[in-house]
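Taking it in order: structure first as structure tokens, then the write-up.
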Amino acid sequence: MRLSGEQVAGVEVVSMGGGQRVFGALWIPDFPVMAGLRAHPGKDLDRCVPCAVLAVDESRVAGKARDKLPILALNREGWLAGLAPGWSLGQALVRCPGLRIVSRDKESEKELREALFQLAESISADVEMTAEDAVVMDLAMVRERVCLDRLHLDGAEVCWAKAPTPDLAHLAARCDETQGCMVSADDMAGLPVSVLAALGGNARTLELLDTWGLGCLGDFMQLPRQGVVERLGPQAGYWHDVLHGKTCRLLKLHRVPESLAQEMDFEDPVEGVEQLVFALKRMLHVLEGRLAARHLAAACLELRLMMERGGEMFRCLNFAEPQAAVEGMLGPLQALLEALRLESAVVRMELDVETTFATAAQREWFGKHLPEPERWVETLGKLEAMLGAGRVGVPLRENSFRADAFGLRQAWLSEGGASSYGNSGEMVVLENAALPLRRFRPPREVAVAHQSEAGLPQPLAILSGEYKGRILRRRGPFLASGEWWDAALAWQRLEWDVELASGVGRLAFVKPETWSMEGWYE
Amino acid sequence: MASEVVEKLRQQMRNRFPQAHVIPEEAAQVGERREESKCLFDVEMFPVGKVSEVIPAGKFSGISLLVAGLLENDGIAESGGFRMVLVDGADGFDPESYSDEACGRLLWVRCRSALESIKAADLFLRDGNVPFVLLDLLGLGRRELKQIQSAAWWRLKQVAERRNGRLVVLARETTAPCASMRLRLGADLRLEDFDAEREELLGRLRVSTADSHGSIKSLVG
């Protein structure tokens with residue numbers, strides 16, 4: 001977002017002098033509506049008519065339920081029409097039939113927020129994003145006198161106020177009475193109590209203040225602080241301190257996240273691994289310099305290759321230990337590239353990095369760690385390239401009775417279960433079956449001769465497949481079912497452990513007539 | 001040193017109060033079996049820098065209990081949280097059959113063929129970070145296993161020697177020609193044994209050494 005000429009002109013070169021703390025707050029009223037209207041520049045005329053943004057996307061709701069959707073925000077015309085946030089859409093349309101509904105646009109809100117931040121940053125280097133629609137700046141170190149009246153954002157009104165503390169400035173910017181001037185604690189007395197909601201805290205406390213008959217902040221400020229804290233808790237005490245200007249907290253400075261991403265477009269599509277590795281090496285050298293300048297290291301590298309035919313390949317490479325040197329980063333990437341079988345030539349390569357501090361990997365004190373972690377990452381990269389994604393990892397049992405339900409945790413980080421394991425030296429008694437099963441993936445469908453007993457099928461012999469034969473003995477049936485609350489996902493099955501002349505296996509039956517060998521006991 | 005002193009004290013107490021130290025015969029047998037099982041399920045049992053092979057002694061031998069025993073046996077320090085790498089030749093490992101703690105100690109490599117399994121085992125032995133590699137070839141067919149050249153096994157042995165790793169091969173029959181230790185494992189299990197505790201089944205496992213010609217010598221049990 002570029003600053004307009006008016007914004008630049010808004011700063012006058014006048015020496016400020018003195019060491020007084022001054023904070024300025026900028027606030028965009030009716031933020032969601034303003035952002036929504038900015039996203040639709042063709043509807044500029046709508047600014048003159050009442051507009052509202054709903055709390056829920058109306059396209060997802062149909063029929064009468066739409067009328068019950070609450071209003072999230074209104075523009076000035078909407079307020080003038082007597083509407084207020086929280087009203088249902090049906091009520092609002094009865095009061096104001098010409099009300100226009102603007103769809104909420106999160107992207108536009110983000111852009112507007114960034115524009116507000118840039119506007120504040122053009123005035124002061126120390127800026128806090130206090131709320132989604134407000135920023136607070138530290139003006140004490142600004143050598144120029146700032147003329148905030150001339151501040152302007154395209155498509156949005158910006159209100160401002162200055163005060164000796166950040167919270168006072170934040171509150172003052174939100175009220176018509178205190179906007180556009182330097183306020184002190186005494187100036188806050190005439191504001192309504194509801195402004196305190198901008199400081200956060202329990203809404204119930206505000207209701208209680210209203211019940212007590214406190215009409216304005218002056219009434220609240222006159223209450224003894226100790227009594228307020230005893231009756232309403234520490235939050236009310238904090239409000240009391242803010243209004244009296246007793247607390248001047250430090251700003252939580254906002255810094256735009258830095259990106260170390262690099263991309264390279266190849267003039268001619270690249271097919272050989274050597275060329276890719278060469279290009280990658282160049283990018284890693286740049287990355288190494290940037291990391292060194294920031295005293296950082298790479299925790300994870302993200303490589304994306306765009307193919308000539310339109311597809312793309314993405315790999316995320318986690319390092320067991322932070323890497324800052326080219327050699328440490330190139331080895332695993334090279335192993336990965338060499339084992340890749342690409343569908344077509346590469347036209348573009350992108351490399352991004354997740355940074356961490358070089359000392360972030362703390363050695364374990366009470367357990368063994370991997371002797372050569374850098375080698376470990378390379379080995380896992382080679383394996384992934386050979387076997388494909390999702391074939392190497394730590395098995396995780398899923399919280400489900402569904403057959404063969406399991407997950408795989410990545411093995412980049414060695415988080416063994418041993419640390420939480422007892423050290424008694426006793427063998428562990430388990431809840432699961434006594435004998436481990438060797439699963440067939442996928443299960444092998446078989447034909448089974450069976451008879452019906454009490455409404456349940458009872459297998460007598462397996463007629464097809466590798467494990468044919470008469471069933472000598474069986475355990476079961478074991479009925480398993482799950483997700484019955486969802487008709488699309490509900491499942492039900494019967495299982496038996498069956499003994500044949502050739503051994504023991506697990507047989508499963510799924511309605512209407514599917515029999516399968518799930519595995520074999522060795 | 002401290003354990004020797006404790007043992008001496010215990011011996012003195014046993015000599016002085018023999019009635020208080022009478023162990024019922026059955027309990028003593030169970031205790032012995034547990035100790036034997038623990039010995040079997042200790043990775044230290046398999047020689048360092050060598051290839052070992054474990055084959056089943058019968059059709060329903062309980063050989064898969066070996067994996068359970070190795071994973072669930074306490075008191076063994078593991079590197080980086082992993083006790084062993086399981087190179088699963090036929091992708092047959094069933095996480096549901098094991099506890100969460102046991103699964104957390106295992107790095108599972110899901111292969112689809114004998115060739116992939118050999119390559120994966122080679123990579124882990126060369127890596128050396130987890131020095132115990134269990135190569136499970138039980139789910140693979142005899143024909144596929146025969147296609148593995150003996151040179152590949154010798155190469156694995158050399159890597160294991162160089163990196164001080166332990167490679168244990170689970171197979172239905174003698175497969176690795178260079179195995180320095182070959183164990184035959186069996187427990188004569190039946191369908192009724194599914195109702196028993198796993199600990200009891202582990203205690204019933206019998207181990208015998210077998211050379212490549214099939215002669216058997218009882219080792220444990």
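Labels for the structure tokens follow display order: chains A, B, ..., residues from 1 in each chain, ligands from 1.
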
*Please, which residues of chain B, numbered as in this document, come out alpha helix (DSSP H) from DSSP, as JSON, numbers by chain?*
{"B": [2, 3, 4, 5, 6, 7, 8, 9, 10, 11, 12, 13, 14, 15, 16, 25, 26, 27, 28, 29, 30, 31, 32, 33, 34, 35, 36, 37, 38, 39, 40, 65, 66, 67, 68, 69, 70, 71, 72, 100, 101, 102, 103, 104, 114, 115, 116, 117, 118, 119, 120, 121, 122, 123, 124, 125, 126, 127, 142, 143, 144, 145, 146, 150, 151, 152, 153, 154, 155, 156, 157, 158, 159, 160, 161, 162, 163, 198, 199, 200, 201, 202, 203, 204]}

*asked:* List the spatial neighbours of segment 180-195 of chain B as a PyMOL selection string - criterion: any atom at most 9 Å away, only C-alpha atoms, same-chain residues fewer than 3 positions off excluded.
replied: (chain A and resi 433-435+473-475+497-499+504) or (chain B and resi 46-47+50-63+66+174+177+198+201-212+216+219)

*Interface, chain B side, toward chain A (7 Å; only C-alpha atoms) as a ChimeraX atom specification*: /B:59-65,72-75,78-82,92-101,103-111,120,123,127,129,191,194,196-199

*Do you have the atom CA of Val22 of chain A-atom CA of Lys246 of chain A distance handy?*
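Pair atom CA of Val22 of chain A / atom CA of Lys246 of chain A returns 14.2 Å.
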
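Nearest to Pro29 of chain A of all the residues A:Leu276, A:Cys147, A:Leu89, A:Val158 is A:Val158, counting only C-alpha atoms.
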
_For the strand (DSSP E or B) assignment from backbone DSSP, which residues of segment 283-491 of chain A qualify? Please present them as number ranges by chain._
A: 296-307, 312-323, 346-357, 368, 392-397, 406-409, 438-446, 448-453, 456-462, 469-470, 473-482, 491

*asked:* Could you check the closest approach to Leu80 of chain A for each of A:Leu99, A:Leu296, A:Ala35, A:Ala261 and tell me which residue wins, using only C-alpha atoms?
replied: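 Closest residue, counting only C-alpha atoms: A:Leu99.
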